[in-house]
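Note: the block below is data_22.cif and it holds mmCIF, C-alpha atoms.
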```
data_entry
loop_
_atom_site.label_atom_id
_atom_site.label_comp_id
_atom_site.auth_asym_id
_atom_site.auth_seq_id
_atom_site.Cartn_x
_atom_site.Cartn_y
_atom_site.Cartn_z
CA GLU A 261 -34.49 0.87 16.23
CA PRO A 262 -32.44 2.89 13.72
CA GLU A 263 -32.89 1.96 10.07
CA VAL A 264 -31.30 2.71 6.73
CA THR A 265 -33.60 4.85 4.62
CA GLN A 266 -33.63 5.35 0.87
CA THR A 267 -35.27 7.89 -1.41
CA PRO A 268 -37.06 7.81 -3.70
CA SER A 269 -38.83 4.48 -3.38
CA HIS A 270 -39.49 4.45 -7.13
CA GLN A 271 -37.90 6.37 -9.98
CA VAL A 272 -38.74 6.33 -13.66
CA THR A 273 -36.31 7.96 -16.05
CA GLN A 274 -35.53 8.16 -19.72
CA MET A 275 -32.50 6.40 -21.17
CA GLY A 276 -29.49 8.70 -21.14
CA GLN A 277 -30.66 10.74 -18.18
CA GLU A 278 -28.73 11.08 -14.95
CA VAL A 279 -30.22 9.72 -11.75
CA ILE A 280 -29.17 10.11 -8.15
CA LEU A 281 -30.32 7.58 -5.61
CA ARG A 282 -30.12 8.68 -2.02
CA CYS A 283 -29.50 6.77 1.16
CA VAL A 284 -29.28 7.75 4.79
CA PRO A 285 -27.25 5.09 6.59
CA ILE A 286 -27.55 4.36 10.29
CA SER A 287 -25.98 7.32 12.01
CA ASN A 288 -22.94 5.79 13.72
CA HIS A 289 -22.09 3.41 10.89
CA LEU A 290 -18.83 3.84 9.02
CA TYR A 291 -19.09 1.45 6.08
CA PHE A 292 -21.54 1.91 3.23
CA TYR A 293 -22.56 -0.26 0.34
CA TRP A 294 -24.69 -0.33 -2.77
CA TYR A 295 -26.19 -3.50 -4.19
CA ARG A 296 -28.66 -3.99 -7.00
CA GLN A 297 -31.14 -6.67 -8.00
CA ILE A 298 -32.38 -6.91 -11.55
CA LEU A 299 -35.85 -8.43 -11.65
CA GLY A 300 -35.66 -12.19 -11.34
CA GLN A 301 -31.92 -12.18 -10.67
CA LYS A 302 -29.70 -12.29 -7.63
CA VAL A 303 -28.68 -9.37 -5.44
CA GLU A 304 -25.33 -8.13 -6.78
CA PHE A 305 -22.65 -6.12 -5.02
CA LEU A 306 -21.83 -2.79 -6.66
CA VAL A 307 -19.52 -0.87 -4.36
CA SER A 308 -18.30 -0.48 -0.80
CA PHE A 309 -17.25 2.85 0.68
CA TYR A 310 -15.29 3.77 3.77
CA ASN A 311 -13.52 6.88 4.97
CA ASN A 312 -14.69 8.81 1.91
CA GLU A 313 -13.14 6.35 -0.49
CA ILE A 314 -14.29 3.40 -2.50
CA SER A 315 -13.01 0.22 -0.84
CA GLU A 316 -14.03 -2.14 -3.60
CA LYS A 317 -16.18 -2.06 -6.68
CA SER A 318 -17.56 -4.75 -8.91
CA GLU A 319 -17.32 -5.06 -12.69
CA ILE A 320 -20.82 -3.59 -12.91
CA PHE A 321 -19.64 -0.36 -11.29
CA ASP A 322 -18.15 1.26 -14.39
CA ASP A 323 -17.46 4.90 -15.20
CA GLN A 324 -21.16 5.64 -15.43
CA PHE A 325 -21.51 5.05 -11.70
CA SER A 326 -20.22 7.17 -8.86
CA VAL A 327 -20.82 7.37 -5.12
CA GLU A 328 -20.52 10.25 -2.75
CA ARG A 329 -21.03 11.10 0.86
CA PRO A 330 -21.77 14.79 0.41
CA ASP A 331 -22.44 15.48 4.08
CA GLY A 332 -22.46 13.64 7.37
CA SER A 333 -25.66 11.78 6.72
CA ASN A 334 -26.32 11.05 3.05
CA PHE A 335 -24.73 8.45 0.79
CA THR A 336 -25.61 8.75 -2.88
CA LEU A 337 -25.30 6.62 -5.98
CA LYS A 338 -25.23 8.51 -9.26
CA ILE A 339 -25.74 6.95 -12.65
CA ARG A 340 -24.52 9.46 -15.23
CA SER A 341 -26.27 8.26 -18.34
CA THR A 342 -28.78 5.55 -17.65
CA LYS A 343 -29.22 2.52 -19.88
CA LEU A 344 -32.19 0.20 -20.16
CA GLU A 345 -30.22 -2.50 -18.38
CA ASP A 346 -29.81 -0.27 -15.32
CA SER A 347 -33.44 -0.96 -14.47
CA ALA A 348 -33.28 -2.74 -11.13
CA MET A 349 -33.90 -2.47 -7.42
CA TYR A 350 -31.00 -0.65 -5.78
CA PHE A 351 -30.25 -1.38 -2.13
CA CYS A 352 -28.11 0.69 0.16
CA ALA A 353 -26.57 -0.94 3.23
CA SER A 354 -24.40 0.18 6.10
CA SER A 355 -22.40 -1.47 8.84
CA LEU A 356 -20.68 -0.24 11.96
CA GLU A 357 -17.40 -1.79 10.96
CA GLY A 358 -16.24 -3.65 7.90
CA GLY A 359 -15.01 -6.92 9.29
CA LEU A 360 -16.28 -10.47 9.21
CA LYS A 361 -18.36 -10.08 12.34
CA GLU A 362 -20.31 -7.06 11.19
CA THR A 363 -23.91 -7.16 10.05
CA GLN A 364 -24.87 -5.10 7.04
CA TYR A 365 -28.22 -3.36 7.51
CA PHE A 366 -30.19 -2.82 4.34
CA GLY A 367 -32.49 -0.07 3.24
CA PRO A 368 -35.87 -0.78 1.64
CA GLY A 369 -34.53 -0.17 -1.87
CA THR A 370 -35.21 2.18 -4.76
CA ARG A 371 -36.87 0.67 -7.79
CA LEU A 372 -35.37 2.29 -10.89
CA LEU A 373 -37.06 1.93 -14.24
CA VAL A 374 -35.25 3.19 -17.33
CA LEU A 375 -37.44 3.69 -20.39
CA ALA B 33 -14.29 -16.78 -8.57
CA GLN B 34 -16.55 -16.39 -5.57
CA ARG B 35 -19.84 -18.18 -6.15
CA VAL B 36 -22.87 -19.13 -4.13
CA THR B 37 -25.36 -21.75 -5.22
CA GLN B 38 -28.84 -22.12 -3.84
CA PRO B 39 -30.19 -24.96 -5.97
CA GLU B 40 -33.86 -24.61 -5.09
CA LYS B 41 -35.70 -21.60 -6.42
CA LEU B 42 -38.87 -22.58 -4.58
CA LEU B 43 -39.40 -24.83 -1.61
CA SER B 44 -42.93 -25.59 -0.56
CA VAL B 45 -43.70 -27.43 2.68
CA PHE B 46 -46.60 -27.88 5.05
CA LYS B 47 -46.70 -26.29 8.46
CA GLY B 48 -44.87 -28.43 11.00
CA ALA B 49 -42.67 -30.13 8.41
CA PRO B 50 -38.87 -29.90 8.57
CA VAL B 51 -37.16 -27.48 6.25
CA GLU B 52 -33.69 -27.46 4.75
CA LEU B 53 -32.59 -24.69 2.41
CA LYS B 54 -29.38 -25.61 0.67
CA CYS B 55 -26.37 -23.38 0.08
CA ASN B 56 -23.00 -24.20 -1.40
CA TYR B 57 -20.22 -21.67 -1.82
CA SER B 58 -16.91 -21.59 -3.59
CA TYR B 59 -13.89 -21.52 -1.37
CA SER B 60 -11.74 -18.46 -1.58
CA GLY B 61 -10.01 -17.44 1.59
CA SER B 62 -12.14 -17.76 4.71
CA PRO B 63 -15.55 -16.26 4.15
CA GLU B 64 -17.93 -15.64 6.97
CA LEU B 65 -21.36 -17.02 6.15
CA PHE B 66 -24.69 -15.31 6.57
CA TRP B 67 -28.29 -16.06 5.84
CA TYR B 68 -30.47 -13.07 5.02
CA VAL B 69 -34.26 -13.16 4.80
CA GLN B 70 -36.74 -10.95 3.00
CA TYR B 71 -40.35 -11.19 4.13
CA SER B 72 -43.04 -9.93 1.80
CA ARG B 73 -42.79 -6.17 1.30
CA GLN B 74 -39.98 -5.86 3.82
CA ARG B 75 -36.29 -5.15 3.54
CA LEU B 76 -33.47 -7.68 3.53
CA GLN B 77 -32.54 -8.50 7.08
CA LEU B 78 -30.01 -10.71 8.74
CA LEU B 79 -31.37 -14.06 9.87
CA LEU B 80 -28.23 -15.60 11.25
CA ARG B 81 -24.49 -15.83 10.78
CA HIS B 82 -22.12 -18.68 11.32
CA ILE B 83 -19.69 -16.86 13.57
CA SER B 84 -22.40 -16.33 16.19
CA ARG B 85 -23.49 -19.98 16.20
CA GLU B 86 -26.92 -18.81 17.17
CA SER B 87 -30.42 -20.03 16.52
CA ILE B 88 -32.88 -17.41 15.32
CA LYS B 89 -36.60 -18.12 15.02
CA GLY B 90 -35.76 -21.81 15.31
CA PHE B 91 -33.38 -21.75 12.33
CA THR B 92 -29.85 -23.08 12.51
CA ALA B 93 -27.13 -23.43 9.91
CA ASP B 94 -24.15 -25.73 10.00
CA LEU B 95 -20.97 -24.97 8.18
CA ASN B 96 -19.46 -27.95 6.43
CA LYS B 97 -16.05 -26.86 5.21
CA GLY B 98 -15.42 -30.16 3.45
CA GLU B 99 -18.54 -29.79 1.33
CA THR B 100 -18.37 -25.96 1.37
CA SER B 101 -21.99 -25.90 2.40
CA PHE B 102 -24.00 -23.80 4.83
CA HIS B 103 -27.49 -25.27 4.74
CA LEU B 104 -30.28 -23.60 6.73
CA LYS B 105 -32.54 -25.87 8.74
CA LYS B 106 -35.62 -25.68 10.88
CA PRO B 107 -37.25 -28.75 12.40
CA PHE B 108 -40.85 -27.47 12.30
CA ALA B 109 -41.77 -24.83 9.72
CA GLN B 110 -44.34 -22.15 10.56
CA GLU B 111 -46.50 -20.17 8.13
CA GLU B 112 -44.73 -16.96 9.14
CA ASP B 113 -41.47 -18.44 7.86
CA SER B 114 -42.71 -17.94 4.29
CA ALA B 115 -40.16 -15.57 2.70
CA MET B 116 -37.16 -15.33 0.37
CA TYR B 117 -33.99 -16.68 1.91
CA TYR B 118 -30.54 -15.69 0.67
CA CYS B 119 -27.29 -17.35 1.52
CA ALA B 120 -24.50 -14.76 1.50
CA PRO B 121 -20.85 -15.42 2.16
CA PHE B 122 -18.97 -12.34 3.23
CA TYR B 123 -15.49 -11.91 1.81
CA ASN B 124 -13.27 -9.66 3.83
CA GLN B 125 -11.51 -8.27 0.78
CA GLY B 126 -13.63 -5.22 0.04
CA GLY B 127 -16.22 -6.15 2.59
CA LYS B 128 -18.79 -7.50 0.20
CA LEU B 129 -21.61 -9.96 0.53
CA ILE B 130 -22.01 -12.35 -2.37
CA PHE B 131 -25.64 -13.37 -2.59
CA GLY B 132 -27.07 -16.60 -3.87
CA GLN B 133 -30.10 -16.64 -6.16
CA GLY B 134 -32.38 -17.02 -3.20
CA THR B 135 -34.88 -19.70 -2.26
CA GLU B 136 -38.52 -18.84 -1.84
CA LEU B 137 -39.91 -20.78 1.09
CA SER B 138 -43.65 -21.27 1.10
CA VAL B 139 -45.16 -22.83 4.20
CA LYS B 140 -48.71 -24.01 3.65
CA PRO B 141 -51.26 -24.41 6.46
#
```
What do you get writing this file as structure tokens?
Amino acid sequence: EPEVTQTPSHQVTQMGQEVILRCVPISNHLYFYWYRQILGQKVEFLVSFYNNEISEKSEIFDDQFSVERPDGSNFTLKIRSTKLEDSAMYFCASSLEGGLKETQYFGPGTRLLVL
Amino acid sequence: AQRVTQPEKLLSVFKGAPVELKCNYSYSGSPELFWYVQYSRQRLQLLLRHISRESIKGFTADLNKGETSFHLKKPFAQEEDSAMYYCAPFYNQGGKLIFGQGTELSVKP
């Protein structure tokens, strides 16, 4: 069964550094998402992406964040200048369509630690 | 604002006991309602969704629009049901899931 994959599984970085988290969505899916979960807190929506454009973004997704689909398979989340509070588990998800009936399939997550 | 409340952080039951994991959501438009589950060391995966009216692994969830609740139930819990359970309304604007805090279900032998 096809799965969403994410790399790396863990990343440690210094405050102020740029990080790129990578995701390979399920191949025929058209909608892509990033969520994050700070330790001990709820899973929070960051951004949704369709047709090479951001569909919606949350308040968390400020100018330090960007997403890109650089080729036909990868979907990346870039944090330009990381802060301590960016430490979290970041989940990528994809769905075939974007409507109410569609299931979002999640990747295993990337644990980001900012020191 | 769109909110989801799962009042129990931890629910501990014995094998064979009934289970109810509570979820209340704020009403804004017509969300579709999902329950996601995360077993130990595994990814978030869909357990069930209201629109399908299905029963997965013995779990069911009834939507009560008057109470804006979508509680998850199972009549006889099994040890393999131990996991984190997240209630997640889906709001069509922007296509986002709004997750609750999650309830950790622990089923003891």
| said: Using all atoms listed in the file for the distances, tell me which of B:Lys128, B:Arg81, B:Lys47, B:Lys89 is nearest to B:Glu111. | reply: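 With all atoms listed in the file as the atom set, the closest residue is B:Lys47.
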Carefully work through the PyMOL selection byres ((chain A and resi 370-374) around 8) for this structure and note down the residues it includes, as number ranges by chain.
A: 266-275, 281, 342-351, 368-369, 375
| message | Only residues of chain B matter here; which ones have an atom within 10 Å of chain A, counting all atoms listed in the file? Give them as a PyMOL selection string. | response | chain B and resi 62-66+68+73-78+80-84+118+120-134
Please dump the current selection as a JSON list (two decimals), in the frame of the given file; keep C-alpha atoms.
```json
[["chain", "number", "residue", "atom", "x", "y", "z"],
["B", 62, "SER", "CA", -12.14, -17.76, 4.71],
["B", 63, "PRO", "CA", -15.55, -16.26, 4.15],
["B", 64, "GLU", "CA", -17.93, -15.64, 6.97],
["B", 65, "LEU", "CA", -21.36, -17.02, 6.15],
["B", 66, "PHE", "CA", -24.69, -15.31, 6.57],
["B", 68, "TYR", "CA", -30.47, -13.07, 5.02],
["B", 73, "ARG", "CA", -42.79, -6.17, 1.30],
["B", 74, "GLN", "CA", -39.98, -5.86, 3.82],
["B", 75, "ARG", "CA", -36.29, -5.15, 3.54],
["B", 76, "LEU", "CA", -33.47, -7.68, 3.53],
["B", 77, "GLN", "CA", -32.54, -8.50, 7.08],
["B", 78, "LEU", "CA", -30.01, -10.71, 8.74],
["B", 80, "LEU", "CA", -28.23, -15.60, 11.25],
["B", 81, "ARG", "CA", -24.49, -15.83, 10.78],
["B", 82, "HIS", "CA", -22.12, -18.68, 11.32],
["B", 83, "ILE", "CA", -19.69, -16.86, 13.57],
["B", 84, "SER", "CA", -22.40, -16.33, 16.19],
["B", 118, "TYR", "CA", -30.54, -15.69, 0.67],
["B", 120, "ALA", "CA", -24.50, -14.76, 1.50],
["B", 121, "PRO", "CA", -20.85, -15.42, 2.16],
["B", 122, "PHE", "CA", -18.97, -12.34, 3.23],
["B", 123, "TYR", "CA", -15.49, -11.91, 1.81],
["B", 124, "ASN", "CA", -13.27, -9.66, 3.83],
["B", 125, "GLN", "CA", -11.51, -8.27, 0.78],
["B", 126, "GLY", "CA", -13.63, -5.22, 0.04],
["B", 127, "GLY", "CA", -16.22, -6.15, 2.59],
["B", 128, "LYS", "CA", -18.79, -7.50, 0.20],
["B", 129, "LEU", "CA", -21.61, -9.96, 0.53],
["B", 130, "ILE", "CA", -22.01, -12.35, -2.37],
["B", 131, "PHE", "CA", -25.64, -13.37, -2.59],
["B", 132, "GLY", "CA", -27.07, -16.60, -3.87],
["B", 133, "GLN", "CA", -30.10, -16.64, -6.16],
["B", 134, "GLY", "CA", -32.38, -17.02, -3.20]]
```
Straight-line distance linking atom CA of A:Cys283 with atom CA of A:Arg329, stated in Å to one decimal: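 Between atom CA of A:Cys283 and atom CA of A:Arg329 the gap is 9.5 Å.
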| task | Could you expand the PyMOL selection byres ((chain B and resi 90) around 9) into the explicit residues it covers here, written as JSON, numbers by chain? | result | {"B": [87, 88, 89, 91, 92, 105, 106, 107, 108, 109]}
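Comparing the minimum interatomic distances between A:Asn288 and each of A:Pro262, A:Glu313, A:Ile320, A:Ser326, counting only C-alpha atoms, we find that A:Pro262 sits nearest.
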For this session: List the neighbours of stretch 34-41 of chain B out to 6 Å using all atoms listed in the file; skip same-chain residues closer than 5 positions along the sequence, and give me the result as a PyMOL selection string.
Result: chain B and resi 54-58+132+135
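Between atom CA of A:Arg282 and atom CA of A:Asn312 there is a distance of 15.9 Å.
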* To do: Considering all atoms listed in the file, return as a ChimeraX atom specification whatever protein or nucleic-acid residues lie within 8 Å of B:Leu42, sequence-local ones (same chain, fewer than 4 positions apart) excluded.
  => /B:135-138
In Å to one decimal, how far is atom CA of B:Val69 from atom CA of B:Tyr117?
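Taking atom CA of B:Tyr117 and atom CA of B:Val69, their separation equals 4.6 Å.
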If you count only C-alpha atoms, which residues fall within 6 Å of B:Leu104, apart from same-chain ones fewer than 4 positions away, as an mmCIF file with C-alpha atoms, in the coordinates of the input?
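Final file, out.cif:
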```cif
data_model
loop_
_atom_site.group_PDB
_atom_site.id
_atom_site.type_symbol
_atom_site.label_atom_id
_atom_site.label_comp_id
_atom_site.auth_asym_id
_atom_site.auth_seq_id
_atom_site.Cartn_x
_atom_site.Cartn_y
_atom_site.Cartn_z
ATOM 1 C CA GLU B 52 -33.690 -27.460 4.750
ATOM 2 C CA LEU B 53 -32.590 -24.690 2.410
ATOM 3 C CA THR B 92 -29.850 -23.080 12.510
ATOM 4 C CA ALA B 93 -27.130 -23.430 9.910
#
```
Would you kindly identify which residues have an atom no farther than 6 Å from (-23.0, 7.1, -11.9), using all atoms listed in the file and the file's own coordinates, and write them out as a ChimeraX atom specification? /A:324-326,338-340
Which residue out of A:Cys352, A:Leu290, A:Phe321, A:Pro330 has the minimum interatomic distance to A:Glu263 when all atoms listed in the file are used?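 Going through A:Cys352, A:Leu290, A:Phe321, A:Pro330 one by one, the smallest distance to A:Glu263 is for A:Cys352.
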Nearest to A:Thr265, restricted to all atoms listed in the file and choosing among A:Gln277, A:Asn311, A:Gln297, A:Asn334, comes out as A:Asn334
If the box runs along x, y and z of the file and leaves 8 Å on each side of stretch 97-105 of chain B, what are its centre and edge lengths in Å, one decimal, as AutoDock Vina command-line options?
```
--center_x -24.0 --center_y -26.9 --center_z 5.0 --size_x 33.1 --size_y 22.6 --size_z 23.4
```
Closest of A:Ser341, A:Glu319, A:Gly332, A:Ile298 to A:Glu278, counting all atoms listed in the file, is A:Ser341
Because some atoms of stretch 280-300 of chain A are absent here, can you restore N, CA and C atoms and send them as a PDB file, in the frame of the given file?
```pdb
ATOM      1  N   ILE A 280     -29.866  10.173  -9.433  1.00  0.00           N
ATOM      2  CA  ILE A 280     -29.170  10.110  -8.150  1.00  0.00           C
ATOM      3  C   ILE A 280     -30.087   9.398  -7.162  1.00  0.00           C
ATOM      4  N   LEU A 281     -29.582   8.324  -6.627  1.00  0.00           N
ATOM      5  CA  LEU A 281     -30.320   7.580  -5.610  1.00  0.00           C
ATOM      6  C   LEU A 281     -29.714   7.925  -4.260  1.00  0.00           C
ATOM      7  N   ARG A 282     -30.595   8.187  -3.320  1.00  0.00           N
ATOM      8  CA  ARG A 282     -30.120   8.680  -2.020  1.00  0.00           C
ATOM      9  C   ARG A 282     -30.353   7.671  -0.911  1.00  0.00           C
ATOM     10  N   CYS A 283     -29.453   7.700   0.024  1.00  0.00           N
ATOM     11  CA  CYS A 283     -29.500   6.770   1.160  1.00  0.00           C
ATOM     12  C   CYS A 283     -29.077   7.536   2.404  1.00  0.00           C
ATOM     13  N   VAL A 284     -29.747   7.250   3.501  1.00  0.00           N
ATOM     14  CA  VAL A 284     -29.280   7.750   4.790  1.00  0.00           C
ATOM     15  C   VAL A 284     -28.933   6.530   5.635  1.00  0.00           C
ATOM     16  N   PRO A 285     -27.646   6.254   5.791  1.00  0.00           N
ATOM     17  CA  PRO A 285     -27.250   5.090   6.590  1.00  0.00           C
ATOM     18  C   PRO A 285     -27.548   5.300   8.071  1.00  0.00           C
ATOM     19  N   ILE A 286     -27.405   4.257   8.836  1.00  0.00           N
ATOM     20  CA  ILE A 286     -27.550   4.360  10.290  1.00  0.00           C
ATOM     21  C   ILE A 286     -26.446   5.268  10.819  1.00  0.00           C
ATOM     22  N   SER A 287     -26.797   6.133  11.746  1.00  0.00           N
ATOM     23  CA  SER A 287     -25.980   7.320  12.010  1.00  0.00           C
ATOM     24  C   SER A 287     -24.559   7.040  12.483  1.00  0.00           C
ATOM     25  N   ASN A 288     -24.308   6.011  13.242  1.00  0.00           N
ATOM     26  CA  ASN A 288     -22.940   5.790  13.720  1.00  0.00           C
ATOM     27  C   ASN A 288     -22.179   4.772  12.865  1.00  0.00           C
ATOM     28  N   HIS A 289     -22.763   4.386  11.745  1.00  0.00           N
ATOM     29  CA  HIS A 289     -22.090   3.410  10.890  1.00  0.00           C
ATOM     30  C   HIS A 289     -21.025   4.091  10.042  1.00  0.00           C
ATOM     31  N   LEU A 290     -19.992   3.298   9.721  1.00  0.00           N
ATOM     32  CA  LEU A 290     -18.830   3.840   9.020  1.00  0.00           C
ATOM     33  C   LEU A 290     -18.638   3.265   7.627  1.00  0.00           C
ATOM     34  N   TYR A 291     -19.282   2.127   7.356  1.00  0.00           N
ATOM     35  CA  TYR A 291     -19.090   1.450   6.080  1.00  0.00           C
ATOM     36  C   TYR A 291     -20.408   1.481   5.332  1.00  0.00           C
ATOM     37  N   PHE A 292     -20.329   1.731   4.044  1.00  0.00           N
ATOM     38  CA  PHE A 292     -21.540   1.910   3.230  1.00  0.00           C
ATOM     39  C   PHE A 292     -21.419   1.108   1.948  1.00  0.00           C
ATOM     40  N   TYR A 293     -22.550   0.644   1.475  1.00  0.00           N
ATOM     41  CA  TYR A 293     -22.560  -0.260   0.340  1.00  0.00           C
ATOM     42  C   TYR A 293     -23.753   0.043  -0.565  1.00  0.00           C
ATOM     43  N   TRP A 294     -23.574  -0.277  -1.836  1.00  0.00           N
ATOM     44  CA  TRP A 294     -24.690  -0.330  -2.770  1.00  0.00           C
ATOM     45  C   TRP A 294     -24.730  -1.712  -3.414  1.00  0.00           C
ATOM     46  N   TYR A 295     -25.936  -2.249  -3.494  1.00  0.00           N
ATOM     47  CA  TYR A 295     -26.190  -3.500  -4.190  1.00  0.00           C
ATOM     48  C   TYR A 295     -27.340  -3.231  -5.160  1.00  0.00           C
ATOM     49  N   ARG A 296     -27.474  -4.100  -6.155  1.00  0.00           N
ATOM     50  CA  ARG A 296     -28.660  -3.990  -7.000  1.00  0.00           C
ATOM     51  C   ARG A 296     -29.206  -5.383  -7.306  1.00  0.00           C
ATOM     52  N   GLN A 297     -30.488  -5.407  -7.655  1.00  0.00           N
ATOM     53  CA  GLN A 297     -31.140  -6.670  -8.000  1.00  0.00           C
ATOM     54  C   GLN A 297     -32.003  -6.420  -9.224  1.00  0.00           C
ATOM     55  N   ILE A 298     -31.546  -6.927 -10.350  1.00  0.00           N
ATOM     56  CA  ILE A 298     -32.380  -6.910 -11.550  1.00  0.00           C
ATOM     57  C   ILE A 298     -33.500  -7.913 -11.356  1.00  0.00           C
ATOM     58  N   LEU A 299     -34.670  -7.590 -11.866  1.00  0.00           N
ATOM     59  CA  LEU A 299     -35.850  -8.430 -11.650  1.00  0.00           C
ATOM     60  C   LEU A 299     -35.587  -9.880 -12.034  1.00  0.00           C
ATOM     61  N   GLY A 300     -35.832 -10.762 -11.073  1.00  0.00           N
ATOM     62  CA  GLY A 300     -35.660 -12.190 -11.340  1.00  0.00           C
ATOM     63  C   GLY A 300     -34.241 -12.687 -11.171  1.00  0.00           C
TER      64      GLY A 300
END
```
